[in-house]
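Let me begin by presenting the structure, written as structure tokens, before commenting on it.
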Amino acid sequence: LANVLIRAAATDITASDIDSVSSTTVRPRARIGGGTATSSGPQIVTTPPASPYDGQEILLEVDATNGIYWHFRFRSASGSAYKWEFMGGAALLAEVTAAEATGGTTYAALTTAGPSIALPRGGDYDVEIGAHVSCDVGNERGLMSYDIGATAAVDADALKLGTGSGGTEGAEFEGSRARRKTALTAITLTAKYKHELTAVTFSNRWMRVTPVRIS
């Protein structure tokens, strides 16, 4: 093996840059262009560093069982309190496939509760919900929203699916809705449901959460 120093402004490798030579391999030292060569990427952590530096990158372990790691970069100049900005990674996803009817005109869990997702850190998140809805009567709509921790579900966050005025009994719909929710704490989002007139049936309901930036 050979150790080779590659100088930042050099165009040729000279004999003085080579410690030793074998007939098969030339290996550079750990100085390339004045920096330090490394094969390691962002550090895998379960909690962001307490004293980060500008430009620092991490892989936050969110769900190791399912291989979900979120890539963040710290930007000290950000005007937000959440300076770890999302750069990539799989979203958190939860699903309940059971077909179950709503129980009333106020938000409540169905027989099989959820889906729900626990946020690992405080921050800004994109929250998306979706479902399949079957209307048992005409002129009916079903609404799917979600509790934010102890804060009850509201229509402003809801996915609304149904026949509306002049609709027919037995109509089926499928859709989704995404909202950016800011300044969330590390709490759990839990889907809740209601109807406007009489029961509707929800199935294949899901929730997906992607971070924007975190603390």
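Convention: chains lettered A, B, ... in structure tokens order; per-chain residue numbering from 1; ligands numbered from 1 as shown.
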Polymer residues at most 9 Å from Val45 of chain A, only C-alpha atoms, same-chain spacing of 5 or more positions, as a PDB file with N, CA and C atoms, in the first residue's frame:
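See around.pdb below for the written result:
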ATOM      1  N   ILE A  58     -27.699  15.699  10.961  1.00  0.00           N
ATOM      2  CA  ILE A  58     -27.934  14.504  11.770  1.00  0.00           C
ATOM      3  C   ILE A  58     -28.955  13.612  11.086  1.00  0.00           C
ATOM      4  N   LEU A  59     -28.968  12.364  11.462  1.00  0.00           N
ATOM      5  CA  LEU A  59     -30.042  11.437  11.118  1.00  0.00           C
ATOM      6  C   LEU A  59     -30.765  11.107  12.413  1.00  0.00           C
ATOM      7  N   LEU A  60     -31.995  11.599  12.549  1.00  0.00           N
ATOM      8  CA  LEU A  60     -32.767  11.361  13.767  1.00  0.00           C
ATOM      9  C   LEU A  60     -33.479  10.020  13.657  1.00  0.00           C
ATOM     10  N   GLU A  61     -33.199   9.141  14.601  1.00  0.00           N
ATOM     11  CA  GLU A  61     -33.854   7.825  14.629  1.00  0.00           C
ATOM     12  C   GLU A  61     -35.286   8.005  15.117  1.00  0.00           C
TER      13      GLU A  61
END
May I have a table of the residues of segment 51-115 of chain A lying at most 6 Å from segment 184-208 of chain A, giving each one's closest pair of atoms and their distance in Å to one decimal, counting only C-alpha atoms, ordered by chain and ascending residue number, as CSV?
residue,atom,partner,partner_atom,distance
A:Leu92,CA,A:Arg208,CA,5.6
A:Leu93,CA,A:Arg208,CA,4.5
A:Ala94,CA,A:Met207,CA,5.4
A:Glu95,CA,A:Trp206,CA,4.2
A:Val96,CA,A:Arg205,CA,5.4
A:Thr97,CA,A:Asn204,CA,4.0
A:Ala98,CA,A:Ser203,CA,5.5
A:Ala99,CA,A:Ser203,CA,4.2
A:Glu100,CA,A:Thr201,CA,5.3
A:Ala101,CA,A:Thr201,CA,4.1
A:Thr102,CA,A:Ala199,CA,5.3
A:Gly104,CA,A:Lys194,CA,5.7
A:Thr105,CA,A:Lys194,CA,5.1
A:Thr106,CA,A:Lys194,CA,5.5
A:Tyr107,CA,A:Tyr193,CA,4.9
A:Ala108,CA,A:Lys192,CA,5.0
A:Ala109,CA,A:Lys192,CA,4.9
A:Gly114,CA,A:Ala191,CA,5.1
A:Pro115,CA,A:Ala191,CA,5.7
May I have the residues within 12 Å of Ser78 of chain A as a PyMOL selection string, using only C-alpha atoms and disregarding those fewer than 2 positions away in the same chain?
chain A and resi 54-55+73-76+80-85+213-215
N, CA, C and O atoms of the current selection, written as a short mmCIF file (atom, residue, chain, number, x, y, z; two decimals), in the first residue's frame:
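Once written, part28.cif looks like this:
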data_model
loop_
_atom_site.label_atom_id
_atom_site.label_comp_id
_atom_site.auth_asym_id
_atom_site.auth_seq_id
_atom_site.Cartn_x
_atom_site.Cartn_y
_atom_site.Cartn_z
N ASP A 54 -23.69 25.63 13.12
CA ASP A 54 -24.37 25.95 11.86
C ASP A 54 -23.94 24.98 10.76
O ASP A 54 -22.75 24.76 10.54
N GLY A 55 -24.91 24.41 10.08
CA GLY A 55 -24.62 23.47 9.01
C GLY A 55 -24.50 22.03 9.46
O GLY A 55 -24.34 21.14 8.63
N ARG A 73 -30.71 19.37 8.94
CA ARG A 73 -29.54 20.27 8.92
C ARG A 73 -29.85 21.47 9.80
O ARG A 73 -30.92 22.08 9.68
N PHE A 74 -28.91 21.82 10.67
CA PHE A 74 -29.12 22.95 11.58
C PHE A 74 -28.76 24.26 10.87
O PHE A 74 -27.67 24.40 10.33
N ARG A 75 -29.72 25.22 10.87
CA ARG A 75 -29.48 26.52 10.25
C ARG A 75 -29.67 27.60 11.31
O ARG A 75 -30.80 27.96 11.65
N SER A 76 -28.57 28.11 11.81
CA SER A 76 -28.62 29.06 12.92
C SER A 76 -29.28 30.37 12.52
O SER A 76 -29.84 31.07 13.38
N SER A 80 -36.98 30.94 12.71
CA SER A 80 -37.88 30.09 13.48
C SER A 80 -37.19 29.60 14.76
O SER A 80 -35.96 29.52 14.83
N ALA A 81 -38.00 29.25 15.74
CA ALA A 81 -37.46 28.62 16.94
C ALA A 81 -37.01 27.20 16.64
O ALA A 81 -36.25 26.60 17.41
N TYR A 82 -37.49 26.66 15.51
CA TYR A 82 -37.15 25.29 15.10
C TYR A 82 -36.10 25.36 14.00
O TYR A 82 -36.42 25.57 12.83
N LYS A 83 -34.84 25.20 14.37
CA LYS A 83 -33.74 25.46 13.45
C LYS A 83 -33.19 24.20 12.79
O LYS A 83 -32.32 24.29 11.92
N TRP A 84 -33.68 23.03 13.18
CA TRP A 84 -33.30 21.80 12.49
C TRP A 84 -34.26 21.62 11.31
O TRP A 84 -35.43 21.28 11.50
N GLU A 85 -33.77 21.83 10.10
CA GLU A 85 -34.63 21.81 8.91
C GLU A 85 -34.54 20.46 8.19
O GLU A 85 -33.46 19.92 7.99
N ARG A 213 -39.58 21.28 10.08
CA ARG A 213 -38.43 21.66 10.92
C ARG A 213 -38.80 21.36 12.36
O ARG A 213 -39.98 21.40 12.75
N ILE A 214 -37.80 21.08 13.17
CA ILE A 214 -38.03 20.68 14.55
C ILE A 214 -37.08 21.41 15.50
O ILE A 214 -36.13 22.08 15.06
N SER A 215 -37.32 21.25 16.77
CA SER A 215 -36.46 21.84 17.79
C SER A 215 -35.30 20.90 18.10
O SER A 215 -35.35 19.71 17.79
#
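With only C-alpha atoms as the atoms that count, the residue of A:Glu174, A:Glu57, A:Asp136, A:Asp63 with the shortest distance to Gly88 of chain A is A:Glu57.
Non-sequential neighbours of Gly89 of chain A (distance at most 8 Å, separation of 3 or more positions within a chain, only C-alpha atoms) are Ile68, Tyr69, Trp70 and His71 of chain A.
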Saved selection, atoms kept: N, CA, C and O atoms, as a PDB file, in the first residue's frame:
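Saved result, out-v4.pdb, follows:
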ATOM      1  N   ILE A  68     -37.020   4.070   9.764  1.00  0.00           N
ATOM      2  CA  ILE A  68     -37.337   5.469   9.478  1.00  0.00           C
ATOM      3  C   ILE A  68     -36.372   6.374  10.230  1.00  0.00           C
ATOM      4  O   ILE A  68     -36.343   6.400  11.471  1.00  0.00           O
ATOM      5  N   TYR A  69     -35.571   7.102   9.450  1.00  0.00           N
ATOM      6  CA  TYR A  69     -34.617   8.078   9.980  1.00  0.00           C
ATOM      7  C   TYR A  69     -34.841   9.385   9.240  1.00  0.00           C
ATOM      8  O   TYR A  69     -34.973   9.385   8.007  1.00  0.00           O
ATOM      9  N   TRP A  70     -34.875  10.502   9.965  1.00  0.00           N
ATOM     10  CA  TRP A  70     -35.081  11.796   9.344  1.00  0.00           C
ATOM     11  C   TRP A  70     -33.766  12.567   9.306  1.00  0.00           C
ATOM     12  O   TRP A  70     -33.070  12.695  10.307  1.00  0.00           O
ATOM     13  N   HIS A  71     -33.454  13.089   8.122  1.00  0.00           N
ATOM     14  CA  HIS A  71     -32.212  13.835   7.892  1.00  0.00           C
ATOM     15  C   HIS A  71     -32.485  15.323   8.105  1.00  0.00           C
ATOM     16  O   HIS A  71     -33.333  15.914   7.422  1.00  0.00           O
TER      17      HIS A  71
END
Please return, as an MDAnalysis selection string, all residues of segment 35-201 of chain A that DSSP assigns to strand (DSSP E) on the basis of the backbone.
chainID A and resid 35:36 43:45 57:63 68:74 84:88 92:96 100:101 116:118 123:135 141:148 159:162 172:184 188:195 200:201
Residue contacts of Val154 of chain A (8 Å, only C-alpha atoms) excluding same-chain residues fewer than 6 positions away, as a PyMOL selection string:
chain A and resi 145-147
Just list as a ChimeraX atom specification whatever in segment 24-213 of chain A DSSP marks as helix (DSSP H, G or I).
/A:64-66,155-157
What is the distance, in Å and to one decimal place, between atom CA of Met87 of chain A and atom CA of Gly41 of chain A?
13.7 Å
For Val127 of chain A, which residue among A:Ser176, A:Thr151, A:Thr210, A:Thr46 is the nearest when counting only C-alpha atoms?
A:Thr210
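In this model, the gap between atom CA of Gly142 of chain A and atom CA of Thr111 of chain A comes to 15.7 Å.
Of the residues under consideration (A:Ile148, A:Ile44, A:Ala131, A:Leu161), A:Ile148 shows the shortest atom-to-atom contact distance to Leu119 of chain A when counting only C-alpha atoms.
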